[in-house]
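Note sheet for the following structure.
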Amino acid sequence: MSGALRIGVAGAGLIGRRHIELVAASSDCVLAGIADPSPKAKAFAESLGIPWCADHRALLEREKPDGMIVASPNALHLPMALDCVAAGVPALVEKPVTDTVAAAQRLCEAVTHSGVPVLVGHHRRHNPRIKAIRNKVMGGEIGQLTAVVGLWLLKKPDDYFDVAWRREIGGGPLLINLVHDIDNLRFICGEISEVQAMTSHKARGFAVEDTAGLLLKFANGALGTVTLSDATPAPWSWELSSGENAAYPKQDQPCYLFAGTRGALSVPTMELWSYPGEGGWYAPLSRAAVDVPETDPLVEQLRHFCAVIAGREAPLISAEDAMGTLAVVEAVREAAVTGNRVSPAWIMEQAA
């Protein structure tokens, strides 16, 4: 254990505590300390017998960690990541990389100038199922991709919104949850070139959206729809369908459908549909299971982060790559407000 990397964690909320658990259980790293101003975080650190600081800069200065996991509210991602880069400390920044594309551009510039690596926590790219589906879609197994369906429908408990920032613009399911699904779709299908969208906050009445409908055009010509709501009891979401996190009751339902000219895939149920012979709607379809090993993507992400710190691997999801996902989310917002088709590339041009 003497050679284990020392990892600090900034933010001890829901995802922060999960990172803390994983670091504590890892053979590659140990906890250098927790930075979070809340009394609960201080008590939590004391219960673990590890250093606590109210401010992440104090943790960087006092403990000099080998790496830092930034698991703070979205608006704090940029200043915390910039401080890590300035201190020469590689960072794993939770998604979204920042709260705006303009902020992400600042971080990308800092990473380029410093050479300090930043990995972004779109952890689902580490999931073997996502990797397997990408290989099948990109590899042409289902032919030319024509259509994509994405669903993110579930009900968040009422006390989830006791935290004020989750009721405000930027704290809703577009930036907290849909950003994961958009990243999955970019990774599996390629870049999204254009979006249309509508949003609503009628179910809860908060300033932030609770429901959204998206129409996506991919650079390869495929079209997609995504429907989202965090205010409905439903089983169609990656959280409930994948079994990735044991905290959620697993549902044997798909949340993504990928349709091509030679076949179709349901995910994460991992079913491949195709015609065994000549195709046509009168012909019977065959269904085959896609076998994929089970791996906790957060565990794999932490292993990868340690390899990034050690210089053995380059970040699988760089700040620049994650900015592309964030640009799609901003395009969704712009399209919902204006009613126009919006290009993520245009969003990045406007932010520059």
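Every chain in the structure tokens has a letter given in the order shown (A, B, ...), and although residue numbers restart at 1 in each chain, ligands are simply numbered from 1 in the order shown.
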With a distance cut-off of 10 Å and only C-alpha atoms, select the neighbouring residues of Asp291 of chain A, excluding the residue or stretch itself and same-chain residues fewer than 6 positions from it, and output the selection as a ChimeraX atom specification. /A:128-129,132,270-271
Include C-alpha atoms and write out the residues we just selected as a PDB file, in the first residue's frame.
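Output saved as out_12.pdb:
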ATOM      1  CA  PRO A 128     -18.816  -3.089 -21.195  1.00  0.00           C
ATOM      2  CA  ARG A 129     -22.385  -2.895 -22.515  1.00  0.00           C
ATOM      3  CA  ALA A 132     -20.164  -3.558 -27.001  1.00  0.00           C
ATOM      4  CA  MET A 270     -28.808  -6.534 -25.065  1.00  0.00           C
ATOM      5  CA  GLU A 271     -31.033  -8.099 -27.711  1.00  0.00           C
TER       6      GLU A 271
END
Could you make a table, as CSV, of the residues of segment 175-203 of chain A that have an atom within 10 Å of an atom of segment 230-234 of chain A, each with its nearest atom pair and distance in Å to one decimal, counting only C-alpha atoms, in chain and number order?
residue,atom,partner,partner_atom,distance
A:Asn177,CA,A:Asp230,CA,9.2
A:His201,CA,A:Ala231,CA,9.8
A:Lys202,CA,A:Ala231,CA,9.9
A:Ala203,CA,A:Ala231,CA,6.7
Emit the selected residues as a PDB file, in the first residue's frame, including all heavy atoms.
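Result file result.pdb:
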ATOM      1  N   ASN A 177     -28.849  14.591 -15.622  1.00  0.00           N
ATOM      2  CA  ASN A 177     -29.133  13.220 -16.041  1.00  0.00           C
ATOM      3  C   ASN A 177     -29.022  13.002 -17.546  1.00  0.00           C
ATOM      4  O   ASN A 177     -28.315  12.101 -17.995  1.00  0.00           O
ATOM      5  CB  ASN A 177     -30.533  12.810 -15.564  1.00  0.00           C
ATOM      6  CG  ASN A 177     -30.742  13.038 -14.085  1.00  0.00           C
ATOM      7  OD1 ASN A 177     -31.494  13.931 -13.695  1.00  0.00           O
ATOM      8  ND2 ASN A 177     -30.063  12.271 -13.248  1.00  0.00           N
ATOM      9  N   HIS A 201     -41.969  22.446 -17.192  1.00  0.00           N
ATOM     10  CA  HIS A 201     -41.801  22.332 -15.743  1.00  0.00           C
ATOM     11  C   HIS A 201     -43.152  22.251 -15.048  1.00  0.00           C
ATOM     12  O   HIS A 201     -43.292  22.588 -13.872  1.00  0.00           O
ATOM     13  CB  HIS A 201     -40.951  23.478 -15.186  1.00  0.00           C
ATOM     14  CG  HIS A 201     -41.535  24.835 -15.408  1.00  0.00           C
ATOM     15  ND1 HIS A 201     -41.090  25.944 -14.753  1.00  0.00           N
ATOM     16  CD2 HIS A 201     -42.527  25.264 -16.216  1.00  0.00           C
ATOM     17  CE1 HIS A 201     -41.790  26.999 -15.131  1.00  0.00           C
ATOM     18  NE2 HIS A 201     -42.656  26.597 -16.033  1.00  0.00           N
ATOM     19  N   LYS A 202     -44.156  21.784 -15.794  1.00  0.00           N
ATOM     20  CA  LYS A 202     -45.529  21.756 -15.293  1.00  0.00           C
ATOM     21  C   LYS A 202     -45.728  20.776 -14.139  1.00  0.00           C
ATOM     22  O   LYS A 202     -46.508  21.026 -13.222  1.00  0.00           O
ATOM     23  CB  LYS A 202     -46.488  21.411 -16.438  1.00  0.00           C
ATOM     24  CG  LYS A 202     -47.958  21.520 -16.060  1.00  0.00           C
ATOM     25  CD  LYS A 202     -48.842  21.283 -17.264  1.00  0.00           C
ATOM     26  CE  LYS A 202     -50.319  21.352 -16.886  1.00  0.00           C
ATOM     27  NZ  LYS A 202     -50.704  22.673 -16.354  1.00  0.00           N
ATOM     28  N   ALA A 203     -45.018  19.644 -14.162  1.00  0.00           N
ATOM     29  CA  ALA A 203     -45.259  18.616 -13.151  1.00  0.00           C
ATOM     30  C   ALA A 203     -44.906  19.085 -11.744  1.00  0.00           C
ATOM     31  O   ALA A 203     -45.629  18.807 -10.786  1.00  0.00           O
ATOM     32  CB  ALA A 203     -44.477  17.350 -13.495  1.00  0.00           C
TER      33      ALA A 203
END
Residue neighbourhood segment 326-336 of chain A, 9 Å, only C-alpha atoms, exclusion window fewer than 2 positions, as a PyMOL selection string: chain A and resi 96-101+104+174-175+178-179+182-183+192-199+212+214+322-324+338-348
Distance table requested - segment 119-139 of chain A against segment 247-260 of chain A, cut-off 12 Å, only C-alpha atoms: one row per qualifying residue with the closest atom pair and its distance in Å to one decimal, ordered by chain and rising residue number, as a Markdown table.
| residue | atom | partner | partner_atom | distance |
| --- | --- | --- | --- | --- |
| A:Arg129 | CA | A:Tyr256 | CA | 11.9 |
| A:Ile130 | CA | A:Tyr256 | CA | 10.8 |
| A:Ile133 | CA | A:Phe258 | CA | 9.1 |
| A:Arg134 | CA | A:Phe258 | CA | 10.4 |
| A:Lys136 | CA | A:Phe258 | CA | 10.2 |
| A:Val137 | CA | A:Phe258 | CA | 8.0 |
| A:Met138 | CA | A:Gly260 | CA | 11.0 |
| A:Gly139 | CA | A:Gly260 | CA | 11.7 |
Given the selection you just returned, output its residues as a file containing C-alpha atoms, formatted as a PDB file, in the first residue's frame.
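Okay, selection_38.pdb is ready:
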ATOM      1  CA  ARG A 129     -22.385  -2.895 -22.515  1.00  0.00           C
ATOM      2  CA  ILE A 130     -21.881   0.599 -23.895  1.00  0.00           C
ATOM      3  CA  ILE A 133     -23.043  -1.586 -28.519  1.00  0.00           C
ATOM      4  CA  ARG A 134     -20.658   1.030 -29.895  1.00  0.00           C
ATOM      5  CA  LYS A 136     -21.757  -3.228 -33.156  1.00  0.00           C
ATOM      6  CA  VAL A 137     -23.152   0.097 -34.356  1.00  0.00           C
ATOM      7  CA  MET A 138     -19.854   1.590 -35.513  1.00  0.00           C
ATOM      8  CA  GLY A 139     -18.728  -1.766 -36.893  1.00  0.00           C
TER       9      GLY A 139
END
Would you work out the distance separating atom CA of Lys42 of chain A from atom CA of Val163 of chain A, expressed in Å to one decimal? 18.2 Å
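Distances from A:Asp296, A:Glu239, A:Glu109, A:Glu168 to Leu153 of chain A were compared using only C-alpha atoms, and the smallest one belongs to A:Glu239.
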Non-local contacts of segment 10-19 of chain A (7 Å; only C-alpha atoms; under 3 positions in same chain excluded) as a count of residues only: 11
Output as a VMD selection string all residues of segment 56-162 of chain A that backbone DSSP marks as alpha helix (DSSP H). chain A and resid 56 to 63 77 to 86 101 to 114 128 to 138
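When DSSP is run on the backbone, the residues of segment 206-274 of chain A that fall into strand (DSSP E or B) are Thr211, Ala212, Gly213, Leu214, Leu215, Leu216, Lys217, Phe218, Leu223, Gly224, Thr225, Val226, Thr227, Leu228, Ser229, Ala231, Tyr256, Leu257, Phe258, Ala259, Gly260, Ala264, Leu265, Ser266, Val267, Glu271, Leu272, Trp273 and Ser274 of chain A.
Once segment 3-5 of chain A and its same-chain neighbours fewer than 5 positions away are set aside, A:Asp28, A:Cys29, A:Asp66 remain within 6 Å of it when counting only C-alpha atoms.
Compared by their closest atoms to Ala314 of chain A, and using only C-alpha atoms, the residues A:Gly263, A:Val118, A:Lys95, A:Gly224 rank with A:Val118 nearest.
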Nearest to Phe187 of chain A: which of A:His304, A:Trp52, A:Gly311, A:Asn135 is it, counting only C-alpha atoms? A:Asn135
Nearest residue to Glu209 of chain A out of A:Ile169, A:Val292, A:Val111, A:Leu298, using only C-alpha atoms? A:Ile169
Exercise: Thr261 of chain A partners within 8 Å, only C-alpha atoms, chain neighbours under 4 positions left out, as an MDAnalysis selection string: chainID A and resid 142:146
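Closest approach to Ala91 of chain A among A:Leu316, A:Ile309, A:Ala207, A:Ala43: A:Ile309, based on only C-alpha atoms.
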